[in-house]
file run-v6.cif (mmCIF, C-alpha atoms)
data_work
#
loop_
_atom_site.label_atom_id
_atom_site.label_comp_id
_atom_site.auth_asym_id
_atom_site.auth_seq_id
_atom_site.Cartn_x
_atom_site.Cartn_y
_atom_site.Cartn_z
CA MET A 28 7.72 44.69 5.31
CA ARG A 29 11.48 44.68 5.56
CA LEU A 30 14.25 45.44 3.12
CA ASN A 31 15.88 42.09 3.89
CA LYS A 32 12.70 40.03 3.56
CA GLU A 33 10.57 39.13 0.55
CA HIS A 34 7.28 40.98 0.53
CA ASN A 35 3.99 39.24 -0.11
CA LEU A 36 2.14 42.15 -1.63
CA PRO A 37 0.32 41.74 -4.93
CA GLY A 38 2.38 44.44 -6.68
CA THR A 39 5.81 44.19 -8.30
CA LEU A 40 8.60 46.53 -7.34
CA ILE A 41 11.33 47.18 -9.89
CA CYS A 42 14.11 49.64 -9.26
CA VAL A 43 17.06 50.94 -11.21
CA GLU A 44 20.35 52.00 -9.70
CA GLY A 45 23.58 53.49 -10.96
CA ILE A 46 25.59 56.69 -10.81
CA ASP A 47 24.44 59.87 -12.56
CA GLY A 48 24.80 59.58 -16.30
CA SER A 49 24.50 55.79 -16.32
CA GLY A 50 21.38 56.03 -18.46
CA LYS A 51 19.18 54.29 -15.90
CA SER A 52 16.40 56.88 -16.14
CA THR A 53 16.30 56.52 -19.93
CA GLN A 54 16.07 52.76 -19.58
CA LEU A 55 13.32 52.97 -16.99
CA SER A 56 11.36 55.43 -19.06
CA ILE A 57 11.45 53.17 -22.15
CA LEU A 58 10.48 50.22 -19.98
CA LYS A 59 7.58 52.16 -18.53
CA ASP A 60 6.14 53.08 -21.92
CA TRP A 61 6.47 49.48 -23.05
CA LEU A 62 4.67 48.12 -19.98
CA ILE A 63 1.89 50.66 -20.36
CA SER A 64 1.54 49.80 -24.05
CA LEU A 65 0.97 46.19 -22.94
CA GLY A 66 -1.86 47.30 -20.70
CA GLN A 67 -0.05 47.00 -17.37
CA ASP A 68 -0.85 49.27 -14.42
CA VAL A 69 2.35 51.15 -13.75
CA ILE A 70 3.37 53.74 -11.19
CA PHE A 71 6.66 55.61 -11.37
CA THR A 72 8.48 57.23 -8.48
CA GLU A 73 11.89 58.82 -8.31
CA TRP A 74 14.50 59.62 -5.71
CA ASN A 75 14.19 62.94 -3.89
CA SER A 76 10.76 63.86 -5.20
CA SER A 77 8.36 63.86 -2.25
CA ASN A 78 6.28 67.02 -1.90
CA LEU A 79 6.98 66.93 1.79
CA ILE A 80 10.71 67.50 1.70
CA CYS A 81 12.39 67.61 -1.70
CA GLN A 82 12.30 71.42 -1.90
CA THR A 83 13.94 71.64 1.53
CA THR A 84 16.67 69.27 0.41
CA LYS A 85 17.23 71.19 -2.84
CA GLN A 86 17.47 74.51 -1.00
CA ALA A 87 19.85 73.08 1.58
CA LYS A 88 22.01 71.63 -1.19
CA LYS A 89 22.14 75.01 -2.90
CA LYS A 90 23.43 76.54 0.31
CA ASN A 91 25.88 73.67 0.84
CA MET A 92 24.49 73.37 4.34
CA LEU A 93 24.21 69.59 4.54
CA SER A 94 26.63 67.33 6.36
CA PRO A 95 26.92 63.67 5.33
CA ARG A 96 24.57 62.86 8.23
CA THR A 97 21.84 65.37 7.40
CA PHE A 98 22.20 64.64 3.68
CA SER A 99 21.53 61.02 4.49
CA LEU A 100 18.63 61.75 6.85
CA LEU A 101 16.80 64.12 4.48
CA HIS A 102 16.93 61.58 1.68
CA ALA A 103 15.58 58.98 4.09
CA VAL A 104 12.70 61.33 4.96
CA ASP A 105 11.94 61.68 1.27
CA PHE A 106 12.06 57.93 0.81
CA ALA A 107 9.92 57.17 3.89
CA ASP A 108 7.30 59.64 2.72
CA ARG A 109 7.15 58.23 -0.81
CA LEU A 110 7.13 54.70 0.54
CA GLY A 111 4.10 55.46 2.71
CA GLN A 112 2.26 57.71 0.28
CA ILE A 113 3.01 56.09 -3.09
CA ILE A 114 4.89 52.80 -3.05
CA VAL A 115 3.06 50.81 -0.36
CA PRO A 116 -0.47 51.74 -1.52
CA ALA A 117 0.47 50.97 -5.14
CA MET A 118 2.00 47.63 -4.14
CA LYS A 119 -1.12 46.74 -2.19
CA ALA A 120 -3.26 47.63 -5.18
CA GLY A 121 -1.20 45.38 -7.45
CA PHE A 122 0.66 47.94 -9.56
CA ILE A 123 4.04 47.51 -11.14
CA VAL A 124 6.03 50.14 -9.28
CA LEU A 125 9.03 51.53 -11.11
CA ALA A 126 11.51 53.31 -8.85
CA ASP A 127 14.28 55.47 -10.24
CA ARG A 128 16.79 54.86 -7.45
CA TYR A 129 15.98 53.08 -4.21
CA ALA A 130 17.56 52.56 -0.79
CA TYR A 131 20.73 51.25 -2.48
CA THR A 132 21.43 54.78 -3.70
CA ALA A 133 21.67 55.86 -0.07
CA PHE A 134 23.82 52.87 0.80
CA ALA A 135 26.22 53.76 -2.01
CA ARG A 136 26.32 57.55 -1.70
CA ASP A 137 26.14 57.92 2.06
CA VAL A 138 28.79 55.30 2.68
CA ALA A 139 30.96 57.02 0.05
CA ARG A 140 30.54 60.02 2.39
CA ASN A 141 31.87 57.93 5.29
CA VAL A 142 28.49 57.39 6.93
CA ASP A 143 28.50 54.10 8.82
CA PRO A 144 27.21 51.32 6.50
CA GLN A 145 25.25 49.60 9.28
CA TRP A 146 23.68 52.85 10.42
CA VAL A 147 22.29 53.69 7.00
CA ARG A 148 21.16 50.09 6.35
CA ASN A 149 19.28 50.11 9.65
CA MET A 150 17.66 53.41 8.74
CA TYR A 151 16.14 51.95 5.56
CA GLY A 152 15.18 48.69 7.25
CA PHE A 153 11.47 49.49 6.86
CA ALA A 154 11.66 49.53 3.05
CA ILE A 155 10.02 46.90 0.86
CA GLN A 156 12.42 44.50 -0.80
CA PRO A 157 12.31 45.04 -4.57
CA ASP A 158 11.38 42.14 -6.84
CA LEU A 159 14.09 43.30 -9.20
CA ALA A 160 16.95 45.76 -8.68
CA VAL A 161 19.02 46.50 -11.76
CA TYR A 162 22.38 48.21 -11.52
CA PHE A 163 23.45 50.09 -14.65
CA LYS A 164 27.20 50.10 -14.44
CA VAL A 165 29.19 52.74 -16.24
CA PRO A 166 32.82 53.87 -15.81
CA VAL A 167 33.17 57.20 -14.06
CA GLU A 168 34.74 58.85 -17.13
CA VAL A 169 31.71 58.01 -19.27
CA SER A 170 29.34 59.32 -16.62
CA LEU A 171 31.29 62.57 -16.38
CA GLU A 172 31.24 63.00 -20.15
CA ARG A 173 27.49 62.45 -20.27
CA ILE A 174 26.38 64.73 -17.45
CA CYS A 175 29.03 67.42 -17.68
CA SER A 176 29.12 68.01 -21.42
CA ASN A 177 27.80 71.52 -20.87
CA ARG A 178 28.19 72.25 -17.16
CA GLN A 179 30.45 71.74 -14.16
CA PRO A 180 29.71 68.89 -11.75
CA LYS A 181 27.47 70.14 -8.93
CA PHE A 182 28.75 70.48 -5.36
CA TYR A 183 27.24 67.36 -3.84
CA GLU A 184 27.26 65.27 -7.01
CA ALA A 185 31.03 65.84 -7.15
CA GLY A 186 31.32 65.09 -3.42
CA MET A 187 32.89 68.53 -2.92
CA ASP A 188 31.66 68.41 0.70
CA MET A 189 34.21 65.66 1.28
CA LYS A 190 37.08 67.97 0.34
CA LEU A 191 38.66 65.32 -1.85
CA SER A 192 39.99 67.87 -4.34
CA PRO A 193 39.41 71.57 -5.02
CA ASP A 194 38.85 70.69 -8.69
CA PRO A 195 35.21 69.60 -9.16
CA TYR A 196 36.13 67.30 -12.06
CA VAL A 197 38.84 65.53 -10.07
CA SER A 198 36.59 65.40 -7.02
CA TYR A 199 33.75 63.95 -9.11
CA LYS A 200 35.97 61.13 -10.33
CA ILE A 201 37.20 60.24 -6.85
CA PHE A 202 33.80 60.51 -5.22
CA GLN A 203 31.77 58.71 -7.89
CA GLY A 204 34.53 56.08 -8.01
CA ARG A 205 33.76 55.42 -4.36
CA VAL A 206 30.04 55.22 -5.13
CA ILE A 207 30.76 52.65 -7.85
CA ASN A 208 32.78 50.61 -5.35
CA GLU A 209 29.84 50.58 -2.97
CA TYR A 210 27.46 49.48 -5.73
CA ASP A 211 29.84 46.68 -6.67
CA LYS A 212 29.89 45.47 -3.06
CA MET A 213 26.09 45.46 -2.98
CA ARG A 214 25.64 43.16 -5.96
CA ASP A 215 26.06 40.12 -3.73
CA GLU A 216 24.66 41.65 -0.57
CA PHE A 217 21.33 42.62 -2.13
CA GLY A 218 21.30 40.69 -5.39
CA LEU A 219 21.55 43.70 -7.66
CA VAL A 220 21.56 42.57 -11.30
CA LYS A 221 24.22 44.31 -13.38
CA ILE A 222 23.68 45.64 -16.88
CA ASP A 223 26.64 47.05 -18.78
CA ALA A 224 25.59 50.66 -19.34
CA THR A 225 28.24 51.27 -22.00
CA GLU A 226 26.25 49.11 -24.43
CA SER A 227 23.70 50.62 -26.82
CA ILE A 228 20.38 51.75 -25.43
CA HIS A 229 18.72 49.04 -27.50
CA GLN A 230 20.93 46.22 -26.21
CA GLN A 231 20.42 47.31 -22.61
CA GLN A 232 16.67 47.57 -23.01
CA LEU A 233 16.47 44.07 -24.50
CA LYS A 234 18.25 42.69 -21.45
CA PHE A 235 16.19 44.80 -19.07
CA ARG A 236 12.93 43.54 -20.59
CA GLU A 237 14.04 39.91 -20.29
CA LEU A 238 14.72 40.45 -16.59
CA VAL A 239 11.36 42.14 -16.09
CA LYS A 240 9.49 39.42 -18.00
CA ASP A 241 11.02 36.77 -15.74
CA VAL A 242 10.10 38.62 -12.59
CA LEU A 243 6.53 39.27 -13.74
CA LEU A 244 6.12 35.65 -14.78
CA LYS A 245 7.04 34.59 -11.26
CA LYS A 246 4.26 36.85 -10.03
CA GLY A 247 1.90 35.17 -12.48
CA ILE A 248 1.83 38.07 -14.92
CA GLU A 249 2.33 37.03 -18.52
CA LEU A 250 2.97 39.90 -20.89
CA ASN A 251 1.02 39.60 -24.08
CA GLU A 252 3.28 41.13 -26.71
CA GLY A 253 0.94 40.14 -29.51
CA MET B 91 44.44 70.33 28.75
CA LYS B 92 43.09 66.97 27.75
CA ASP B 93 43.24 65.37 31.19
CA LYS B 94 40.94 68.10 32.49
CA ILE B 95 38.13 66.77 30.38
CA ASN B 96 35.97 64.55 32.53
CA THR B 97 32.67 64.85 30.70
CA LYS B 98 30.88 61.81 29.37
CA HIS B 99 31.17 62.87 25.74
CA GLY B 100 34.78 64.00 25.80
CA TYR B 101 34.14 67.68 24.99
CA PRO B 102 35.04 70.40 27.47
CA GLY B 103 31.47 71.74 27.79
CA LEU B 104 28.61 70.25 29.74
CA LEU B 105 25.61 68.62 28.14
CA VAL B 106 22.53 68.90 30.33
CA VAL B 107 19.21 67.52 29.19
CA ILE B 108 15.72 67.98 30.53
CA GLU B 109 13.08 65.48 29.48
CA GLY B 110 9.41 65.19 30.18
CA THR B 111 6.08 65.27 28.40
CA ASP B 112 4.47 68.45 27.13
CA GLY B 113 3.14 70.53 29.99
CA SER B 114 5.50 69.01 32.52
CA GLY B 115 7.14 72.38 33.19
CA LYS B 116 10.44 71.79 31.38
CA THR B 117 10.66 75.22 29.79
CA THR B 118 10.11 77.08 33.05
CA GLN B 119 12.81 75.03 34.73
CA ILE B 120 15.27 75.41 31.89
CA ASN B 121 14.89 79.20 31.83
CA LEU B 122 15.48 79.43 35.57
CA LEU B 123 18.47 77.15 35.34
CA LYS B 124 19.93 79.16 32.48
CA SER B 125 19.81 82.44 34.44
CA TRP B 126 21.34 80.79 37.44
CA ILE B 127 24.25 79.28 35.48
CA GLU B 128 24.88 82.63 33.79
CA LYS B 129 25.03 84.28 37.21
CA GLN B 130 27.82 81.85 38.07
CA CYS B 131 29.73 83.33 35.11
CA TYR B 132 29.49 80.37 32.74
CA GLY B 133 28.44 80.47 29.12
CA VAL B 134 25.08 78.81 28.47
CA ILE B 135 23.09 78.04 25.39
CA VAL B 136 19.67 76.45 25.14
CA SER B 137 18.55 74.34 22.22
CA GLU B 138 15.02 73.08 21.90
CA TRP B 139 13.69 69.98 20.23
CA LYS B 140 12.52 70.66 16.67
CA SER B 141 14.09 74.07 16.23
CA SER B 142 16.61 73.70 13.38
CA GLU B 143 16.58 76.13 10.50
CA LEU B 144 16.95 73.11 8.24
CA ILE B 145 13.63 71.42 8.79
CA ALA B 146 11.63 72.58 11.85
CA SER B 147 9.16 74.61 9.78
CA VAL B 148 8.69 71.69 7.40
CA ILE B 149 7.76 69.46 10.32
CA ASP B 150 5.19 72.00 11.49
CA THR B 151 3.63 72.26 8.04
CA ALA B 152 3.52 68.50 7.63
CA LYS B 153 1.92 68.08 11.05
CA GLU B 154 -0.72 70.66 10.20
CA ARG B 155 -1.56 68.76 7.06
CA ASN B 156 -1.49 65.53 9.01
CA LEU B 157 0.73 63.85 6.44
CA LEU B 158 3.28 61.94 8.42
CA ASN B 159 3.59 58.19 8.82
CA ALA B 160 5.60 56.88 11.78
CA ASN B 161 8.91 56.39 9.97
CA THR B 162 8.73 59.73 8.21
CA PHE B 163 7.83 61.43 11.49
CA SER B 164 10.80 59.82 13.18
CA LEU B 165 13.27 60.62 10.39
CA MET B 166 12.25 64.27 10.21
CA TYR B 167 12.91 64.75 13.90
CA ALA B 168 16.21 62.90 13.56
CA SER B 169 17.19 65.27 10.74
CA ASP B 170 16.33 68.24 12.92
CA PHE B 171 18.36 66.79 15.77
CA ALA B 172 21.38 65.95 13.60
CA HIS B 173 21.45 69.47 12.18
CA ARG B 174 21.32 71.08 15.62
CA LEU B 175 23.86 68.65 16.98
CA GLU B 176 26.39 69.42 14.27
CA ASN B 177 25.80 73.14 13.96
CA THR B 178 24.91 74.21 17.49
CA ILE B 179 25.41 71.63 20.20
CA ILE B 180 28.83 70.17 19.39
CA PRO B 181 30.45 73.51 18.50
CA ALA B 182 29.18 74.90 21.83
CA LEU B 183 30.46 71.88 23.75
CA LYS B 184 33.84 72.24 22.05
CA SER B 185 33.95 75.89 23.11
CA GLY B 186 33.19 75.02 26.72
CA PHE B 187 29.56 76.09 27.03
CA VAL B 188 26.96 74.55 29.24
CA VAL B 189 24.42 73.30 26.71
CA LEU B 190 20.89 72.99 28.04
CA LEU B 191 18.68 70.82 25.90
CA ASP B 192 14.93 70.95 26.08
CA ARG B 193 14.29 67.29 25.11
CA TYR B 194 16.87 64.90 23.69
CA THR B 195 16.91 61.52 21.94
CA TYR B 196 14.80 60.04 24.75
CA THR B 197 11.85 62.04 23.45
CA ALA B 198 12.20 60.24 20.13
CA PHE B 199 12.63 56.88 21.85
CA ALA B 200 9.37 57.44 23.72
CA ARG B 201 7.22 59.04 21.03
CA ASP B 202 8.35 57.04 18.04
CA VAL B 203 7.99 53.71 19.80
CA VAL B 204 4.47 54.62 20.90
CA ARG B 205 3.78 55.40 17.21
CA GLY B 206 4.87 51.91 16.30
CA VAL B 207 8.47 52.12 15.12
CA LYS B 208 10.81 49.42 16.38
CA PRO B 209 12.68 50.38 19.58
CA LYS B 210 15.98 49.08 18.20
CA TRP B 211 15.53 50.92 14.92
CA VAL B 212 15.09 54.33 16.50
CA ARG B 213 17.92 53.76 18.98
CA LYS B 214 20.31 52.85 16.17
CA LEU B 215 19.07 55.90 14.24
CA TYR B 216 20.23 58.20 17.04
CA ASP B 217 23.42 56.32 17.91
CA PHE B 218 25.52 59.31 16.81
CA ALA B 219 24.24 61.39 19.73
CA PRO B 220 26.75 62.01 22.53
CA GLU B 221 25.87 60.85 26.01
CA PRO B 222 24.68 63.75 28.20
CA ASP B 223 26.38 64.60 31.48
CA LEU B 224 23.03 64.98 33.20
CA VAL B 225 19.51 63.97 32.26
CA PHE B 226 16.71 65.46 34.31
CA TYR B 227 13.35 63.84 33.92
CA LEU B 228 10.47 65.99 35.04
CA GLU B 229 7.79 63.53 35.94
CA GLN B 230 4.11 64.40 36.12
CA PRO B 231 1.24 61.96 36.63
CA VAL B 232 -1.08 61.86 33.65
CA ASP B 233 -4.07 63.44 35.45
CA VAL B 234 -1.96 66.44 36.47
CA LEU B 235 -0.64 66.74 32.91
CA LEU B 236 -4.16 66.74 31.53
CA LYS B 237 -5.26 69.58 33.79
CA ARG B 238 -2.15 71.60 33.02
CA ILE B 239 -2.54 71.21 29.28
CA ILE B 240 -6.28 71.89 29.22
CA ALA B 241 -5.77 74.99 31.35
CA SER B 242 -3.01 76.35 29.10
CA LYS B 243 -2.86 75.67 25.36
CA GLY B 244 -5.46 72.94 25.07
CA LEU B 245 -5.19 69.44 23.67
CA ASP B 246 -2.99 69.19 20.61
CA TYR B 247 -3.65 66.66 17.84
CA TYR B 248 -0.25 64.93 17.97
CA GLU B 249 0.33 65.34 21.70
CA SER B 250 -2.96 63.50 22.09
CA GLY B 251 -1.79 60.78 19.74
CA ARG B 252 -4.85 61.32 17.55
CA ASP B 253 -2.76 60.38 14.51
CA ILE B 254 -2.51 56.81 15.75
CA GLY B 255 -6.20 56.36 16.31
CA LEU B 256 -6.21 55.43 20.00
CA SER B 257 -9.67 56.82 20.60
CA THR B 258 -12.06 59.18 18.84
CA ASP B 259 -12.53 60.94 22.14
CA PHE B 260 -9.91 63.67 22.42
CA TYR B 261 -9.63 63.47 26.19
CA GLU B 262 -9.42 59.68 26.25
CA SER B 263 -6.91 59.68 23.42
CA PHE B 264 -4.66 62.13 25.26
CA LYS B 265 -4.82 60.04 28.40
CA ILE B 266 -3.97 56.77 26.65
CA TYR B 267 -1.24 58.36 24.56
CA GLN B 268 0.46 60.20 27.40
CA SER B 269 0.28 57.12 29.63
CA LYS B 270 2.08 55.15 26.95
CA ILE B 271 4.72 57.87 26.69
CA LEU B 272 5.17 57.85 30.47
CA ASP B 273 5.61 54.06 30.35
CA GLU B 274 8.38 54.47 27.77
CA TYR B 275 10.11 57.08 29.93
CA ASP B 276 9.77 54.78 32.93
CA GLN B 277 11.59 52.04 31.11
CA MET B 278 14.45 54.39 30.26
CA LYS B 279 14.99 55.84 33.73
CA GLU B 280 17.55 53.38 34.95
CA LYS B 281 19.38 52.60 31.76
CA HIS B 282 20.01 56.25 30.93
CA HIS B 283 20.58 57.41 34.52
CA PHE B 284 17.67 59.83 34.60
CA ILE B 285 17.51 62.11 37.61
CA THR B 286 13.80 61.99 38.21
CA LEU B 287 12.19 65.17 39.51
CA ASP B 288 8.71 65.23 40.95
CA GLY B 289 6.91 67.80 38.81
CA THR B 290 4.09 68.15 41.30
CA GLN B 291 6.51 69.83 43.74
CA PRO B 292 6.77 73.65 43.82
CA ILE B 293 8.86 75.14 41.01
CA GLU B 294 11.54 76.38 43.44
CA ASN B 295 12.04 72.94 44.99
CA VAL B 296 12.48 71.30 41.62
CA GLN B 297 14.86 74.06 40.56
CA GLU B 298 16.94 73.69 43.68
CA LYS B 299 17.50 70.00 42.99
CA MET B 300 18.56 70.75 39.45
CA ARG B 301 20.97 73.45 40.61
CA ASP B 302 22.52 71.08 43.13
CA GLU B 303 23.26 68.54 40.44
CA VAL B 304 24.65 71.11 38.01
CA ALA B 305 26.71 72.69 40.78
CA LYS B 306 28.36 69.32 41.47
CA LEU B 307 29.46 69.11 37.86
CA LEU B 308 30.63 72.71 37.74
CA ALA B 309 32.64 72.09 40.92
CA LYS B 310 34.60 69.42 39.07
CA GLY B 311 36.11 72.40 37.36
CA SER B 312 36.39 71.37 33.73
CA LEU B 313 34.86 74.71 32.72
CA SER B 314 36.81 76.91 35.14
#
call {"tool": "encode", "arguments": {"input": "run-v6.cif", "output": "structure tokens"}}
result
Amino acid sequence: MRLNKEHNLPGTLICVEGIDGSGKSTQLSILKDWLISLGQDVIFTEWNSSNLICQTTKQAKKKNMLSPRTFSLLHAVDFADRLGQIIVPAMKAGFIVLADRYAYTAFARDVARNVDPQWVRNMYGFAIQPDLAVYFKVPVEVSLERICSNRQPKFYEAGMDMKLSPDPYVSYKIFQGRVINEYDKMRDEFGLVKIDATESIHQQQLKFRELVKDVLLKKGIELNEG
Amino acid sequence: MKDKINTKHGYPGLLVVIEGTDGSGKTTQINLLKSWIEKQCYGVIVSEWKSSELIASVIDTAKERNLLNANTFSLMYASDFAHRLENTIIPALKSGFVVLLDRYTYTAFARDVVRGVKPKWVRKLYDFAPEPDLVFYLEQPVDVLLKRIIASKGLDYYESGRDIGLSTDFYESFKIYQSKILDEYDQMKEKHHFITLDGTQPIENVQEKMRDEVAKLLAKGSLS
């Protein structure tokens, strides 16, 4: 299994990408319920959630003790653990695996932190290539409005470790702007499919379902929507 | 000032590594070397493999629960290393310390490859590590290692490679695993300019060789 090679496992791997506040988790959650309602076997996994390490990462973030390098490595640990414990077994067993963020998140965020693009791509080389990777694109202003309606941007989410600006709101815009640039570059590199995340939830979900139906059909799964 | 720096990594301090399998006698040698360097009026710090406040305890817990796959194993150690490098090793090198490292990236290159990760992958993973000024490799034949380990702390699950299912027999598994590790070290000797020390020699003889090498570097005067 390689990130740059099609897998031949029975399962289907679908991931969503996008900056915070793009609405990708909402879209994935609606998709999940729909697939389950159609009788599909679905497993969901999200970024930075492995029992092994996610508490360590959260604590270290709270203390602002992570460098771009260790930030990148800890998220890779989380990913490697979930890949081995959740994703690979589920793919072998023929599940539809829904991943809220995938290796592309690391490629976007870590490179926005000036980590070498080739270094981080090598690090995730053992990942399974998704059958579908959807990028929910939203302008940075909209994202900021959505996630910071009632709080300040957090230290790492605003890229405050990069010392781009002492103002977390300004820093957020610069940093997440860089992340968006990286995502844009990856659309060709990894075939990320863009959905305009400023559209209504309904419109986005209709498009998302069409993409998923196509992918499943290629795997020989026809959804019976009755 | 800058032209005085003649270290391999470009920092004023010295980076001295000791490699070898568990039970090869690294720790004894490093402690002796540390006292000796201090007696020469230089600043010394020691940093051990898997000792960062960030993640070392997590690695221990995960190993106890036997939860790690090869990539996860590798990445956790790389996280530990990166944290120590940035917070301990490089600051000390910048300040002109002699930094003694009990294991370095070569440990990962040996162990992780034996566990099945791709050699190129793990080398790229650690490509941010500065090149040491000296790498001592304390070599012990596998039968000596076995006796030393059995007589001291006993056979450890991971040090015996039990996690990769080499043999259900603990003793056999240790032997196969450690032989594979020794093979990996062998392949690195030349490329990484290891100074190979015969671990079966008396402690004092091994120590004397190490001191000679360190003395040569100290005589170059970048820390004076």
call {"tool": "residues_around", "arguments": {"input": "run-v6.cif", "residues": "A:Gln54", "least_positions_apart": "2", "cutoff": "9 Å", "atoms": "only C-alpha atoms", "output": "count of residues only"}}
result
12
call {"tool": "resolve_selection", "arguments": {"input": "run-v6.cif", "expression": "the PyMOL selection byres ((chain B) within 7 of (chain A))", "output": "PyMOL selection string"}}
result
chain B and resi 152+159+161-162+165-166+169+172-173+211+214-215
call {"tool": "residues_around", "arguments": {"input": "run-v6.cif", "residues": "B:Leu256", "least_positions_apart": "6", "cutoff": "10 Å", "atoms": "only C-alpha atoms", "output": "PyMOL selection string"}}
result
chain B and resi 250+262-267
call {"tool": "residues_around", "arguments": {"input": "run-v6.cif", "residues": "B:Phe199", "least_positions_apart": "4", "cutoff": "9 Å", "atoms": "all atoms listed in the file", "output": "PyMOL selection string"}}
result
chain B and resi 195+203-204+209+212-213+274-275+278
call {"tool": "atom_distance", "arguments": {"input": "run-v6.cif", "atom1": "atom CA of B:Gly289", "atom2": "atom CA of B:Gly115"}}
result
7.3 Å
call {"tool": "resolve_selection", "arguments": {"input": "run-v6.cif", "expression": "the PyMOL selection byres ((chain B and resi 132-144) around 8)", "output": "JSON, numbers by chain"}}
result
{"A": [83, 87], "B": [124, 127, 128, 129, 130, 131, 145, 146, 147, 167, 170, 171, 173, 174, 178, 179, 182, 186, 187, 188, 189, 190, 191, 192, 193, 194, 313]}
call {"tool": "axis_aligned_box", "arguments": {"input": "run-v6.cif", "around": "stretch 133-152 of chain A", "padding_each_side": "4 Å", "output": "lines of an AutoDock Vina configuration file"}}
result
center_x = 23.5
center_y = 54.4
center_z = 4.2
size_x = 24.7
size_y = 19.3
size_z = 20.4
call {"tool": "resolve_selection", "arguments": {"input": "run-v6.cif", "expression": "the PyMOL selection byres ((chain B and resi 261) around 12)", "output": "list of chain:residue names"}}
result
B:Val232, B:Asp233, B:Leu235, B:Leu236, B:Lys237, B:Ile239, B:Ile240, B:Gly244, B:Leu245, B:Asp246, B:Tyr247, B:Glu249, B:Ser250, B:Gly251, B:Arg252, B:Leu256, B:Ser257, B:Thr258, B:Asp259, B:Phe260, B:Glu262, B:Ser263, B:Phe264, B:Lys265, B:Ile266, B:Tyr267, B:Gln268
call {"tool": "write_last_selection", "arguments": {"input": "run-v6.cif", "atoms": "C-alpha atoms", "output": "mmCIF file, in the frame of the given file"}}
result
data_model
loop_
_atom_site.group_PDB
_atom_site.id
_atom_site.type_symbol
_atom_site.label_atom_id
_atom_site.label_comp_id
_atom_site.auth_asym_id
_atom_site.auth_seq_id
_atom_site.Cartn_x
_atom_site.Cartn_y
_atom_site.Cartn_z
ATOM 1 C CA VAL B 232 -1.080 61.860 33.650
ATOM 2 C CA ASP B 233 -4.070 63.440 35.450
ATOM 3 C CA LEU B 235 -0.640 66.740 32.910
ATOM 4 C CA LEU B 236 -4.160 66.740 31.530
ATOM 5 C CA LYS B 237 -5.260 69.580 33.790
ATOM 6 C CA ILE B 239 -2.540 71.210 29.280
ATOM 7 C CA ILE B 240 -6.280 71.890 29.220
ATOM 8 C CA GLY B 244 -5.460 72.940 25.070
ATOM 9 C CA LEU B 245 -5.190 69.440 23.670
ATOM 10 C CA ASP B 246 -2.990 69.190 20.610
ATOM 11 C CA TYR B 247 -3.650 66.660 17.840
ATOM 12 C CA GLU B 249 0.330 65.340 21.700
ATOM 13 C CA SER B 250 -2.960 63.500 22.090
ATOM 14 C CA GLY B 251 -1.790 60.780 19.740
ATOM 15 C CA ARG B 252 -4.850 61.320 17.550
ATOM 16 C CA LEU B 256 -6.210 55.430 20.000
ATOM 17 C CA SER B 257 -9.670 56.820 20.600
ATOM 18 C CA THR B 258 -12.060 59.180 18.840
ATOM 19 C CA ASP B 259 -12.530 60.940 22.140
ATOM 20 C CA PHE B 260 -9.910 63.670 22.420
ATOM 21 C CA GLU B 262 -9.420 59.680 26.250
ATOM 22 C CA SER B 263 -6.910 59.680 23.420
ATOM 23 C CA PHE B 264 -4.660 62.130 25.260
ATOM 24 C CA LYS B 265 -4.820 60.040 28.400
ATOM 25 C CA ILE B 266 -3.970 56.770 26.650
ATOM 26 C CA TYR B 267 -1.240 58.360 24.560
ATOM 27 C CA GLN B 268 0.460 60.200 27.400
#
call {"tool": "closest_residue", "arguments": {"input": "run-v6.cif", "among": "A:Ile114, A:Ala130, A:Leu36, A:Ile201", "to": "A:Ala160", "atoms": "all atoms listed in the file"}}
result
A:Ala130
call {"tool": "atom_distance", "arguments": {"input": "run-v6.cif", "atom1": "atom CA of A:Asn251", "atom2": "atom CA of A:Ile70"}}
result
19.3 Å
call {"tool": "closest_residue", "arguments": {"input": "run-v6.cif", "among": "B:Leu158, B:Lys310, B:Thr118, B:Glu109", "to": "B:Pro292", "atoms": "all atoms listed in the file"}}
result
B:Thr118
call {"tool": "atom_distance", "arguments": {"input": "run-v6.cif", "atom1": "atom CA of B:Glu280", "atom2": "atom CA of B:Val225"}}
result
11.1 Å
call {"tool": "residues_around", "arguments": {"input": "run-v6.cif", "residues": "A:Arg178", "least_positions_apart": "6", "cutoff": "12 Å", "atoms": "all atoms listed in the file", "output": "VMD selection string"}}
result
chain A and resid 171 to 172 195 to 196
call {"tool": "residues_around", "arguments": {"input": "run-v6.cif", "residues": "B:Asp202", "least_positions_apart": "2", "cutoff": "8 Å", "atoms": "only C-alpha atoms", "output": "JSON, numbers by chain"}}
result
{"B": [160, 163, 164, 198, 199, 200, 204, 205, 206, 207, 212]}
call {"tool": "closest_residue", "arguments": {"input": "run-v6.cif", "among": "B:Val107, B:Ser269, B:Ala168, B:Asn156", "to": "B:Val234", "atoms": "only C-alpha atoms"}}
result
B:Ser269
